[in-house]
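Asker: One structure is given below, represented as structure tokens, and several questions about it will come after.
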Amino acid sequence: MSIEVRELHGRDEAEAATSLLAAVWGTPYESAPIPGDVVMSIGAWGGCLLGAFDGDELVGVAVGIAAAPHSDTLASLIAGVLPKAAGTGVGRALKDAQRRWAAERDVARIEWTYDPLVRRNAHFNLNRLGVGIAAFHVEHYPPIPDGINEGDPTDRLLARWDVRDAAPREAVDDDATRAVVVLEEDGRGWPRLHERPRDRAWLVGTPADIESLRRADPEAGLAWRHAMREVFLAGLGPDARRAVTGFTRGGASWRFGVPRRPRPRCQARGHRVHSRRGLRAGP
């Protein structure tokens with residue numbers, strides 16, 4: 001497959017982009033994730049509207065907007081690839097083109113949200129692109145009535161991609177010596193939570209295919225949502241002082257580093273005592 005990625009223009013290409021997004025998200029055209037008129041407006045007024053073509057056929061779309069005039073952040077609203085083109089490099093080509101688009105306009109970073117339960121997205125974002133995890137949000141969006149998200153809480157991670165240093169990171173070994181498994185899949189496809197040691201790195205497992213599981217067993221899918229929420233809040237909550245340090249080489253588990261040490265305060269004046277230690281990540 002020979003892929004060309006370029007900006008989309010005009011009504012016909014906006015309609016084609018909306019049709020593709022509707023197909024990927026399993027909705028009618030009228031209920032597409034982004035309506036055709038909005039897609040066209042984003043492209044016409046300076047947004048990042050990119051299409052990936054295999055010959056004359058549109059097989060992937062990425063849509064982004066800047067938060068404000070002269071913003072240093074591009075918000076990547078959505079990116080989708082037709083199922084028949086999955087695994088062929090179209091997604092990577094779209095993201096690389098989006099990064100070049102941003103760099104040409106002096107944009108420093110690209111941000112987007114994604115579901116921490118979707119294993120392939122975590123592997124792609126962390127191990128292929130090298131993004132960082134900026135935050136975890138519970139019920140980030142209102143209910144999304146499409147063929148993928150309908151009926152499921154919209155917990156999301158905020159990904160942050162440095163345009164000037166967009167290098168893939170090294171995947172974490174699955175058998176990291178001092179990390180302990182705190183969430184894993186049981187033999188029935190349900191989540192199994194374990195004790196979360198305070199002084200050890202964590203491995204946080206993901207379901208093999210959460211989208212298929214939600215269709216086949218909604219209760220199991222919801223159980224995964226709540227189990228993942230519990231662990232991510234414990235790891236990334238305001239008082240947790242952990243950070244996501246990678247996704248495993250086998251593409252199954254998040255890795256949380258050992259908590260950072262809190263900076264001591266001078267009790268007499270309430271000032272912080274600066275430390276040179278920084279983040280202490282587990283091996």
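Letters A, B, ... mark the chains of the structure tokens in the order given; residue numbers begin at 1 per chain; ligand numbers begin at 1, in order shown.
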Once you count only C-alpha atoms, what closest atom pair and distance in Å to one decimal does each residue of range 46-90 of chain A within 10 Å of range 27-36 of chain A have, with rows by chain and rising residue number, as a Markdown table?
Answerer:
| residue | atom | partner | partner_atom | distance |
| --- | --- | --- | --- | --- |
| A:Val63 | CA | A:Ile34 | CA | 9.3 |
| A:Leu77 | CA | A:Ile34 | CA | 9.2 |
| A:Ile78 | CA | A:Pro33 | CA | 8.4 |
Asker: Identify, on the basis of only C-alpha atoms, every residue whose closest approach to Asp54 in chain A does not exceed 12 Å; exclude the query and any residue fewer than 6 positions from it along the same chain; express the result as an MDAnalysis selection string.
Answerer: chainID A and resid 1:6 60 81:82 84:85 88:90 93
Asker: For Gly235 in chain A, work out the shell of residues within 9 Å, counting only C-alpha atoms and skipping chain neighbours fewer than 5 positions away, then give it as a list in words.
Answerer: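 After dropping sequence-adjacent residues, the list is Trp202, Glu230, Ala240, Arg241, Arg242, Ala243, Val244, Phe256, Gly257 and Pro259 of chain A.
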Asker: Go ahead and save the picked residues with N, CA, C and O atoms, as a PDB file, in the first residue's frame.
Answerer:
ATOM      1  N   TRP A 202       4.321  -0.515  39.429  1.00  0.00           N
ATOM      2  CA  TRP A 202       3.133  -1.316  39.144  1.00  0.00           C
ATOM      3  C   TRP A 202       3.062  -1.676  37.671  1.00  0.00           C
ATOM      4  O   TRP A 202       3.427  -0.872  36.801  1.00  0.00           O
ATOM      5  N   GLU A 230      -9.990   2.782  39.260  1.00  0.00           N
ATOM      6  CA  GLU A 230      -9.463   2.703  40.625  1.00  0.00           C
ATOM      7  C   GLU A 230      -7.939   2.767  40.637  1.00  0.00           C
ATOM      8  O   GLU A 230      -7.331   3.501  41.429  1.00  0.00           O
ATOM      9  N   ALA A 240      -0.943  11.062  44.673  1.00  0.00           N
ATOM     10  CA  ALA A 240      -0.299   9.777  44.405  1.00  0.00           C
ATOM     11  C   ALA A 240       1.189   9.905  44.084  1.00  0.00           C
ATOM     12  O   ALA A 240       1.976   9.047  44.429  1.00  0.00           O
ATOM     13  N   ARG A 241       1.563  10.947  43.346  1.00  0.00           N
ATOM     14  CA  ARG A 241       2.959  11.236  43.004  1.00  0.00           C
ATOM     15  C   ARG A 241       3.606  10.143  42.161  1.00  0.00           C
ATOM     16  O   ARG A 241       4.811   9.946  42.184  1.00  0.00           O
ATOM     17  N   ARG A 242       2.798   9.386  41.422  1.00  0.00           N
ATOM     18  CA  ARG A 242       3.354   8.440  40.459  1.00  0.00           C
ATOM     19  C   ARG A 242       3.292   9.031  39.057  1.00  0.00           C
ATOM     20  O   ARG A 242       2.673  10.056  38.836  1.00  0.00           O
ATOM     21  N   ALA A 243       3.903   8.337  38.110  1.00  0.00           N
ATOM     22  CA  ALA A 243       3.828   8.709  36.706  1.00  0.00           C
ATOM     23  C   ALA A 243       3.803   7.439  35.879  1.00  0.00           C
ATOM     24  O   ALA A 243       4.357   6.407  36.277  1.00  0.00           O
ATOM     25  N   VAL A 244       3.142   7.502  34.715  1.00  0.00           N
ATOM     26  CA  VAL A 244       3.207   6.392  33.767  1.00  0.00           C
ATOM     27  C   VAL A 244       4.582   6.420  33.122  1.00  0.00           C
ATOM     28  O   VAL A 244       4.979   7.419  32.522  1.00  0.00           O
ATOM     29  N   PHE A 256       3.557   1.934  35.960  1.00  0.00           N
ATOM     30  CA  PHE A 256       3.629   3.108  36.813  1.00  0.00           C
ATOM     31  C   PHE A 256       4.939   3.063  37.592  1.00  0.00           C
ATOM     32  O   PHE A 256       5.271   2.037  38.193  1.00  0.00           O
ATOM     33  N   GLY A 257       5.677   4.163  37.606  1.00  0.00           N
ATOM     34  CA  GLY A 257       6.923   4.205  38.346  1.00  0.00           C
ATOM     35  C   GLY A 257       6.697   4.282  39.846  1.00  0.00           C
ATOM     36  O   GLY A 257       5.581   4.450  40.337  1.00  0.00           O
ATOM     37  N   PRO A 259       6.627   6.004  43.392  1.00  0.00           N
ATOM     38  CA  PRO A 259       6.226   7.394  43.691  1.00  0.00           C
ATOM     39  C   PRO A 259       7.419   8.313  43.910  1.00  0.00           C
ATOM     40  O   PRO A 259       8.443   7.911  44.469  1.00  0.00           O
TER      41      PRO A 259
END
Asker: Please indicate the distance in Å from CA of Ala17 in chain A to CA of Ile65 in chain A, rounded to one decimal place.
Answerer: 15.6 Å
Asker: I need the residues in range 96-283 of chain A that are alpha helix (DSSP H) according to DSSP; give them as a ChimeraX atom specification.
Answerer: /A:96-104,119-122,210-216,218-236
Asker: What would the file look like if the residues just selected were written as a short mmCIF file (atom, residue, chain, number, x, y, z; two decimals), in the first residue's frame with N, CA, C and O atoms?
Answerer:
data_model
loop_
_atom_site.label_atom_id
_atom_site.label_comp_id
_atom_site.auth_asym_id
_atom_site.auth_seq_id
_atom_site.Cartn_x
_atom_site.Cartn_y
_atom_site.Cartn_z
N ASP A 96 2.59 11.40 11.80
CA ASP A 96 3.82 12.07 11.38
C ASP A 96 3.50 13.31 10.56
O ASP A 96 4.16 14.35 10.70
N ALA A 97 2.49 13.22 9.70
CA ALA A 97 2.09 14.39 8.92
C ALA A 97 1.51 15.47 9.83
O ALA A 97 1.75 16.68 9.62
N GLN A 98 0.78 15.07 10.85
CA GLN A 98 0.24 16.04 11.80
C GLN A 98 1.38 16.74 12.56
O GLN A 98 1.33 17.96 12.79
N ARG A 99 2.39 15.97 12.92
CA ARG A 99 3.54 16.58 13.60
C ARG A 99 4.26 17.57 12.69
O ARG A 99 4.65 18.67 13.13
N ARG A 100 4.44 17.21 11.42
CA ARG A 100 5.09 18.15 10.50
C ARG A 100 4.25 19.41 10.32
O ARG A 100 4.77 20.53 10.27
N TRP A 101 2.93 19.24 10.21
CA TRP A 101 2.02 20.38 10.09
C TRP A 101 2.20 21.32 11.28
O TRP A 101 2.27 22.54 11.13
N ALA A 102 2.29 20.74 12.47
CA ALA A 102 2.45 21.55 13.68
C ALA A 102 3.82 22.24 13.71
O ALA A 102 3.93 23.43 14.05
N ALA A 103 4.87 21.51 13.35
CA ALA A 103 6.21 22.07 13.40
C ALA A 103 6.35 23.25 12.44
O ALA A 103 7.01 24.26 12.75
N GLU A 104 5.72 23.16 11.28
CA GLU A 104 5.79 24.25 10.30
C GLU A 104 5.10 25.51 10.81
O GLU A 104 5.35 26.61 10.30
N ARG A 119 -5.86 -1.42 24.31
CA ARG A 119 -4.46 -1.84 24.35
C ARG A 119 -3.67 -1.36 23.14
O ARG A 119 -2.54 -0.87 23.28
N ARG A 120 -4.23 -1.49 21.95
CA ARG A 120 -3.46 -1.15 20.75
C ARG A 120 -3.15 0.35 20.70
O ARG A 120 -2.10 0.76 20.20
N ASN A 121 -4.06 1.19 21.22
CA ASN A 121 -3.80 2.63 21.23
C ASN A 121 -2.69 2.98 22.21
O ASN A 121 -1.85 3.84 21.93
N ALA A 122 -2.68 2.32 23.36
CA ALA A 122 -1.62 2.57 24.33
C ALA A 122 -0.26 2.20 23.75
O ALA A 122 0.72 2.95 23.86
N ILE A 210 -11.07 -4.75 24.42
CA ILE A 210 -12.16 -4.20 25.21
C ILE A 210 -13.39 -3.92 24.35
O ILE A 210 -14.53 -4.06 24.82
N GLU A 211 -13.21 -3.56 23.09
CA GLU A 211 -14.37 -3.24 22.25
C GLU A 211 -15.22 -4.48 21.99
O GLU A 211 -16.45 -4.44 22.10
N SER A 212 -14.58 -5.61 21.69
CA SER A 212 -15.32 -6.86 21.50
C SER A 212 -15.92 -7.33 22.82
O SER A 212 -17.05 -7.84 22.86
N LEU A 213 -15.18 -7.17 23.92
CA LEU A 213 -15.67 -7.60 25.22
C LEU A 213 -16.92 -6.82 25.61
O LEU A 213 -17.87 -7.41 26.15
N ARG A 214 -16.95 -5.52 25.36
CA ARG A 214 -18.14 -4.72 25.71
C ARG A 214 -19.37 -5.19 24.96
O ARG A 214 -20.47 -5.18 25.51
N ARG A 215 -19.18 -5.61 23.71
CA ARG A 215 -20.33 -6.11 22.94
C ARG A 215 -20.78 -7.47 23.44
O ARG A 215 -21.97 -7.75 23.54
N ALA A 216 -19.82 -8.34 23.75
CA ALA A 216 -20.15 -9.71 24.14
C ALA A 216 -20.58 -9.82 25.60
O ALA A 216 -21.45 -10.63 25.93
N PRO A 218 -21.22 -6.88 28.39
CA PRO A 218 -21.18 -5.50 28.89
C PRO A 218 -20.80 -5.41 30.37
O PRO A 218 -20.12 -4.45 30.77
N GLU A 219 -21.22 -6.38 31.18
CA GLU A 219 -20.89 -6.32 32.60
C GLU A 219 -19.38 -6.45 32.82
O GLU A 219 -18.80 -5.77 33.67
N ALA A 220 -18.75 -7.34 32.06
CA ALA A 220 -17.30 -7.48 32.18
C ALA A 220 -16.60 -6.21 31.70
O ALA A 220 -15.62 -5.76 32.31
N GLY A 221 -17.09 -5.62 30.61
CA GLY A 221 -16.50 -4.38 30.12
C GLY A 221 -16.60 -3.27 31.16
O GLY A 221 -15.64 -2.52 31.38
N LEU A 222 -17.75 -3.16 31.83
CA LEU A 222 -17.93 -2.14 32.85
C LEU A 222 -17.04 -2.42 34.06
O LEU A 222 -16.51 -1.50 34.70
N ALA A 223 -16.87 -3.70 34.40
CA ALA A 223 -15.98 -4.05 35.51
C ALA A 223 -14.55 -3.61 35.22
O ALA A 223 -13.84 -3.12 36.10
N TRP A 224 -14.11 -3.79 33.96
CA TRP A 224 -12.78 -3.31 33.58
C TRP A 224 -12.68 -1.81 33.71
O TRP A 224 -11.65 -1.27 34.17
N ARG A 225 -13.72 -1.10 33.31
CA ARG A 225 -13.70 0.36 33.41
C ARG A 225 -13.49 0.80 34.85
O ARG A 225 -12.65 1.67 35.14
N HIS A 226 -14.24 0.22 35.78
CA HIS A 226 -14.14 0.64 37.16
C HIS A 226 -12.83 0.19 37.81
O HIS A 226 -12.26 0.92 38.63
N ALA A 227 -12.33 -0.98 37.43
CA ALA A 227 -11.05 -1.44 37.96
C ALA A 227 -9.91 -0.55 37.47
O ALA A 227 -9.03 -0.15 38.25
N MET A 228 -9.93 -0.22 36.18
CA MET A 228 -8.89 0.65 35.63
C MET A 228 -8.96 2.03 36.27
O MET A 228 -7.93 2.64 36.59
N ARG A 229 -10.17 2.54 36.47
CA ARG A 229 -10.34 3.84 37.10
C ARG A 229 -9.73 3.84 38.50
O ARG A 229 -9.03 4.78 38.89
N GLU A 230 -9.99 2.78 39.26
CA GLU A 230 -9.46 2.70 40.63
C GLU A 230 -7.94 2.77 40.64
O GLU A 230 -7.33 3.50 41.43
N VAL A 231 -7.31 2.02 39.73
CA VAL A 231 -5.85 1.98 39.71
C VAL A 231 -5.27 3.30 39.22
O VAL A 231 -4.30 3.82 39.80
N PHE A 232 -5.85 3.87 38.18
CA PHE A 232 -5.30 5.12 37.65
C PHE A 232 -5.48 6.27 38.63
O PHE A 232 -4.60 7.14 38.74
N LEU A 233 -6.58 6.31 39.34
CA LEU A 233 -6.74 7.34 40.36
C LEU A 233 -5.74 7.14 41.49
O LEU A 233 -5.19 8.11 42.03
N ALA A 234 -5.48 5.88 41.85
CA ALA A 234 -4.49 5.61 42.89
C ALA A 234 -3.08 5.98 42.43
O ALA A 234 -2.25 6.42 43.22
N GLY A 235 -2.82 5.82 41.12
CA GLY A 235 -1.48 6.10 40.61
C GLY A 235 -1.25 7.52 40.19
O GLY A 235 -0.15 8.07 40.37
N LEU A 236 -2.27 8.15 39.61
CA LEU A 236 -2.11 9.49 39.05
C LEU A 236 -2.95 10.55 39.77
O LEU A 236 -3.02 11.68 39.31
#
Asker: Check the smallest atom-to-atom distance from each of A:Ala159, A:Val61, A:Val118, A:Ala179 to Ala208 in chain A using only C-alpha atoms, then report the winner.
Answerer: A:Val118
